[in-house]
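See below for the structure under consideration.
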Amino acid sequence: MKIKENGETEIKRYWNVETKPNTDTFEEAKEKVKYLLTDSIKRQMVSDVPIATLLSGGLDSSLITAIVANNKENTLTTYSIDYEGNDKYFKKTDFTVSLDEHYIEEMSKAFKTNHKYKTISQEDVVEYLKKSLYARDYPGMTDIEASLLWFSEEIAKDYKVILSGECADEFFGGYPWFYRKDLNDRELFPWINNLEYRQNLLNDNLKGEINLKKIVEEEYQNTINELPEADREKKDKRLFYINMTHFMQCLLDRKDRMTMYATLEARVPFADTKLVEYLWNLPFDYKYNKDTEKYLLREAFRGEIPDEVLDRKKNPYPKTHNPKFKEEVSKLLKERLKNPNSKMHKIFNIDEINKLLDEEDQNDILPWYGQLMTKPQLIAYLYEFDVWLEEYQIELEGI
């Protein structure tokens, strides 16, 4: 952004991927990816203060941890987070397939790290919802952001710089919507679900004024139109681009706001421009092969970390599975809706929200955003939304 002397602003994009012919074989691509990622991690290890890494036991954080540990003189400290009660209430889904602890132990043992487990209580998750709202300045990913802020504060007591594994899935084809036809055949952002359900949450006055599906479709098409015409016809290019410009931006904004609010600097080596530019031009069947997501990344580092970790199916950042979270956020939202002056009454169909609050099954909504946000997160989001409307003094025009 350029601010001119007269106060006007000019926004100009300074970087983007560029389509070029690929001549590298899969074997050559493995070597190049290994070099580029290792180089990125080594450069991001440079710091005036000691560094640590996040270690979930998944592929991305494990690769970063392995490379840092192999290039560090002193013992590396690693961190992981989980929620109180997750071991008891965890249920396997298409998106979240396993708990982390076993894989963390394998990595910590293999690379002799000083691992620190952090477990957040349900009370702290709920308490940090409002704090994470202040950190982001608008409603966000609820328990996922609240826990990240708490986690960042815990780490910041001992370290000020961490390396984290975000952005590997966007560039190596790790998300289900890269390879599941039922998701990637959609002519819109494949991580957005339940648009009809969301539309139905609006009150009758706004239903006629706001068409959520049309808004999403227009944004999707405008984004696709930024691509050269030849790239628009290729599904893998479209998916790569919209993930880079939208889904990844949401996750990086979340990571940056939560960590910096806690005086912690998080670095993301997978977002290195040299690596991204190279991956943009590789065939998708290098990245997804033999029914394996991130195939290229796995094979590039085969033998560098334990196979059990290397071949582990993708697991996202943990969310809470404890039903206590839904109980507590439901109480908070019900209490706020009792206020007749709440602006929520001007936006939403309160009867529909009450149905949402009264239904017993806590996960009967297909994730309405990404892979993690089901019913408890939707309730928490509506709570945050009401707090935001009130405390940020949001004015509603024409309602």
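By order in the structure tokens, chains are A, B, ...; within a chain, residues start at 1; ligands start at 1, following the order shown.
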
Spatial neighbours of stretch 79-84 of chain A, 8 Å, only C-alpha atoms, chain gap at least 6 places, as number ranges by chain: A: 52-56, 115-122, 151, 155, 318-320, 322

Selected residues written out, all heavy atoms, as a short mmCIF file (atom, residue, chain, number, x, y, z; two decimals), in the first residue's frame:
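Generated output (selection10.cif):
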```
data_model
loop_
_atom_site.label_atom_id
_atom_site.label_comp_id
_atom_site.auth_asym_id
_atom_site.auth_seq_id
_atom_site.Cartn_x
_atom_site.Cartn_y
_atom_site.Cartn_z
N ALA A 52 12.01 -22.17 19.30
CA ALA A 52 11.38 -23.46 19.58
C ALA A 52 10.51 -23.81 18.37
O ALA A 52 10.33 -23.00 17.45
CB ALA A 52 10.54 -23.38 20.85
N THR A 53 9.96 -25.02 18.34
CA THR A 53 9.04 -25.38 17.28
C THR A 53 7.75 -25.93 17.86
O THR A 53 7.73 -26.45 18.98
CB THR A 53 9.63 -26.45 16.32
OG1 THR A 53 9.76 -27.70 17.01
CG2 THR A 53 10.98 -26.01 15.77
N LEU A 54 6.68 -25.81 17.09
CA LEU A 54 5.43 -26.47 17.43
C LEU A 54 5.50 -27.89 16.87
O LEU A 54 5.96 -28.09 15.75
CB LEU A 54 4.24 -25.73 16.83
CG LEU A 54 4.06 -24.27 17.26
CD1 LEU A 54 2.74 -23.72 16.74
CD2 LEU A 54 4.13 -24.12 18.78
N LEU A 55 5.05 -28.85 17.62
CA LEU A 55 5.13 -30.25 17.21
C LEU A 55 3.82 -30.96 17.54
O LEU A 55 3.55 -31.29 18.69
CB LEU A 55 6.30 -30.96 17.90
CG LEU A 55 6.45 -32.46 17.62
CD1 LEU A 55 6.67 -32.71 16.13
CD2 LEU A 55 7.60 -33.04 18.45
N SER A 56 3.00 -31.19 16.50
CA SER A 56 1.73 -31.88 16.69
C SER A 56 1.84 -33.38 16.44
O SER A 56 0.90 -34.12 16.72
CB SER A 56 0.68 -31.30 15.74
OG SER A 56 1.01 -31.65 14.40
N HIS A 115 10.29 -31.83 25.05
CA HIS A 115 8.91 -31.55 24.67
C HIS A 115 8.06 -31.11 25.86
O HIS A 115 8.13 -31.70 26.93
CB HIS A 115 8.26 -32.75 24.00
CG HIS A 115 6.93 -32.39 23.40
ND1 HIS A 115 6.83 -31.69 22.23
CD2 HIS A 115 5.66 -32.57 23.85
CE1 HIS A 115 5.56 -31.47 21.96
NE2 HIS A 115 4.83 -31.99 22.94
N LYS A 116 7.23 -30.10 25.60
CA LYS A 116 6.35 -29.56 26.63
C LYS A 116 4.90 -29.68 26.15
O LYS A 116 4.51 -29.05 25.17
CB LYS A 116 6.70 -28.11 26.93
CG LYS A 116 8.11 -27.93 27.49
CD LYS A 116 8.40 -26.48 27.82
CE LYS A 116 9.81 -26.31 28.37
NZ LYS A 116 10.00 -26.96 29.67
N TYR A 117 4.14 -30.53 26.85
CA TYR A 117 2.71 -30.67 26.58
C TYR A 117 1.94 -29.57 27.32
O TYR A 117 2.17 -29.33 28.50
CB TYR A 117 2.20 -32.02 27.05
CG TYR A 117 2.70 -33.21 26.27
CD1 TYR A 117 3.82 -33.92 26.69
CD2 TYR A 117 2.06 -33.62 25.11
CE1 TYR A 117 4.29 -35.01 25.97
CE2 TYR A 117 2.51 -34.71 24.39
CZ TYR A 117 3.62 -35.41 24.83
OH TYR A 117 4.08 -36.49 24.11
N LYS A 118 1.05 -28.92 26.62
CA LYS A 118 0.19 -27.92 27.23
C LYS A 118 -1.27 -28.35 27.04
O LYS A 118 -1.69 -28.63 25.92
CB LYS A 118 0.41 -26.54 26.60
CG LYS A 118 1.82 -26.00 26.76
CD LYS A 118 2.14 -25.70 28.22
CE LYS A 118 3.56 -25.17 28.40
NZ LYS A 118 3.87 -24.87 29.81
N THR A 119 -2.01 -28.41 28.13
CA THR A 119 -3.42 -28.82 28.08
C THR A 119 -4.29 -27.69 28.61
O THR A 119 -4.14 -27.27 29.75
CB THR A 119 -3.66 -30.09 28.91
OG1 THR A 119 -2.81 -31.14 28.43
CG2 THR A 119 -5.11 -30.53 28.80
N ILE A 120 -5.18 -27.21 27.77
CA ILE A 120 -6.03 -26.10 28.16
C ILE A 120 -7.35 -26.63 28.72
O ILE A 120 -7.95 -27.56 28.19
CB ILE A 120 -6.29 -25.15 26.95
CG1 ILE A 120 -7.10 -23.93 27.39
CG2 ILE A 120 -6.94 -25.87 25.78
CD1 ILE A 120 -7.19 -22.84 26.31
N SER A 121 -7.78 -26.04 29.82
CA SER A 121 -9.04 -26.44 30.43
C SER A 121 -10.21 -25.86 29.63
O SER A 121 -10.07 -24.89 28.90
CB SER A 121 -9.11 -25.93 31.88
OG SER A 121 -9.22 -24.51 31.89
N GLN A 122 -11.38 -26.48 29.79
CA GLN A 122 -12.56 -25.97 29.11
C GLN A 122 -12.91 -24.57 29.61
O GLN A 122 -13.39 -23.73 28.84
CB GLN A 122 -13.74 -26.93 29.31
CG GLN A 122 -13.54 -28.30 28.68
CD GLN A 122 -13.25 -28.23 27.19
OE1 GLN A 122 -13.95 -27.55 26.45
NE2 GLN A 122 -12.22 -28.93 26.75
N PHE A 151 -2.23 -20.83 24.29
CA PHE A 151 -1.02 -21.60 24.00
C PHE A 151 0.16 -20.66 23.74
O PHE A 151 1.28 -20.86 24.26
CB PHE A 151 -1.30 -22.47 22.78
CG PHE A 151 -0.23 -23.46 22.42
CD1 PHE A 151 0.58 -24.07 23.37
CD2 PHE A 151 -0.06 -23.83 21.08
CE1 PHE A 151 1.54 -25.00 23.01
CE2 PHE A 151 0.90 -24.76 20.71
CZ PHE A 151 1.70 -25.34 21.68
N ILE A 155 3.80 -20.37 25.74
CA ILE A 155 5.12 -20.47 25.09
C ILE A 155 5.94 -19.22 25.33
O ILE A 155 7.14 -19.27 25.60
CB ILE A 155 4.95 -20.71 23.58
CG1 ILE A 155 4.25 -22.05 23.31
CG2 ILE A 155 6.32 -20.69 22.87
CD1 ILE A 155 3.86 -22.26 21.86
N PRO A 318 -5.90 -29.18 16.57
CA PRO A 318 -6.96 -29.77 17.40
C PRO A 318 -8.05 -28.79 17.81
O PRO A 318 -7.80 -27.61 18.03
CB PRO A 318 -6.19 -30.29 18.62
CG PRO A 318 -4.96 -29.45 18.69
CD PRO A 318 -4.60 -29.15 17.26
N LYS A 319 -9.26 -29.32 17.86
CA LYS A 319 -10.38 -28.57 18.44
C LYS A 319 -10.84 -29.33 19.68
O LYS A 319 -10.45 -30.48 19.91
CB LYS A 319 -11.52 -28.44 17.44
CG LYS A 319 -12.27 -29.73 17.19
CD LYS A 319 -13.56 -29.48 16.43
CE LYS A 319 -14.38 -30.75 16.28
NZ LYS A 319 -15.69 -30.51 15.65
N THR A 320 -11.71 -28.71 20.46
CA THR A 320 -12.23 -29.40 21.63
C THR A 320 -13.37 -30.33 21.23
O THR A 320 -14.24 -29.97 20.43
CB THR A 320 -12.71 -28.42 22.71
OG1 THR A 320 -13.19 -29.17 23.82
CG2 THR A 320 -13.80 -27.50 22.21
N ASN A 322 -14.91 -31.93 23.87
CA ASN A 322 -15.59 -32.05 25.16
C ASN A 322 -16.98 -31.39 25.09
O ASN A 322 -17.09 -30.21 24.75
CB ASN A 322 -14.74 -31.36 26.24
CG ASN A 322 -15.17 -31.71 27.64
OD1 ASN A 322 -16.35 -31.85 27.91
ND2 ASN A 322 -14.21 -31.84 28.54
#
```

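Those residues of stretch 178-300 of chain A that DSSP, working from the backbone, places in strand (DSSP E or B) are Ile192, Leu202, Glu265, Ala266, Arg267, Asn289 and Thr292 of chain A.
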
Output file for the residues above (N, CA and C atoms, as a compact mmCIF listing (two decimals), in the first residue's frame):
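Once written, part24.txt looks like this:
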```
# COMPACT_ATOMS: atom_id res chain seq x y z
N ILE A 192 -16.37 -24.10 2.32
CA ILE A 192 -17.56 -23.43 2.85
C ILE A 192 -18.76 -24.35 2.65
N LEU A 202 -30.79 -16.06 9.04
CA LEU A 202 -31.13 -14.64 8.92
C LEU A 202 -32.63 -14.45 9.15
N GLU A 265 6.54 -14.42 18.22
CA GLU A 265 6.69 -14.36 16.77
C GLU A 265 6.65 -15.78 16.20
N ALA A 266 5.69 -16.01 15.30
CA ALA A 266 5.57 -17.33 14.65
C ALA A 266 6.04 -17.23 13.20
N ARG A 267 6.93 -18.12 12.83
CA ARG A 267 7.46 -18.14 11.47
C ARG A 267 6.95 -19.40 10.75
N ASN A 289 -0.91 -38.96 -4.93
CA ASN A 289 -0.63 -40.18 -5.69
C ASN A 289 -0.85 -41.38 -4.78
N THR A 292 -2.70 -40.96 -1.57
CA THR A 292 -1.95 -40.34 -0.47
C THR A 292 -1.82 -38.84 -0.71
```

Which neighbours of A:Phe284 fall inside 9 Å, counting only C-alpha atoms, when residues of the same chain fewer than 6 positions from it are skipped, and could you give them as a PyMOL selection string? chain A and resi 172-173+236-237

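Note that the spacing between atom CA of A:Ser342 and atom CA of A:Leu389 amounts to 8.3 Å.
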
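Picture a line from atom CA of A:Leu149 to atom CA of A:Lys42; it runs 26.2 Å.
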
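Distances here use only C-alpha atoms; by that measure, the residue among A:Lys274, A:Leu206, A:Asn70, A:Pro340 closest to A:Gly398 is A:Leu206.
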
Output as a ChimeraX atom specification all residues of stretch 118-245 of chain A that backbone DSSP marks as helix (DSSP H, G or I). /A:122-136,143-156,168-172,176-179,181-184,195-201,204-207,212-224,229-232,235-245

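If only C-alpha atoms are the atoms counted, then among A:Lys12, A:Lys2, A:His102, A:Lys30 the closest residue to A:Leu297 is A:Lys30.
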
Of A:Thr75, A:Asn349, A:Thr113, A:Thr23, the one nearest to A:Gln199 when counting only C-alpha atoms is A:Asn349
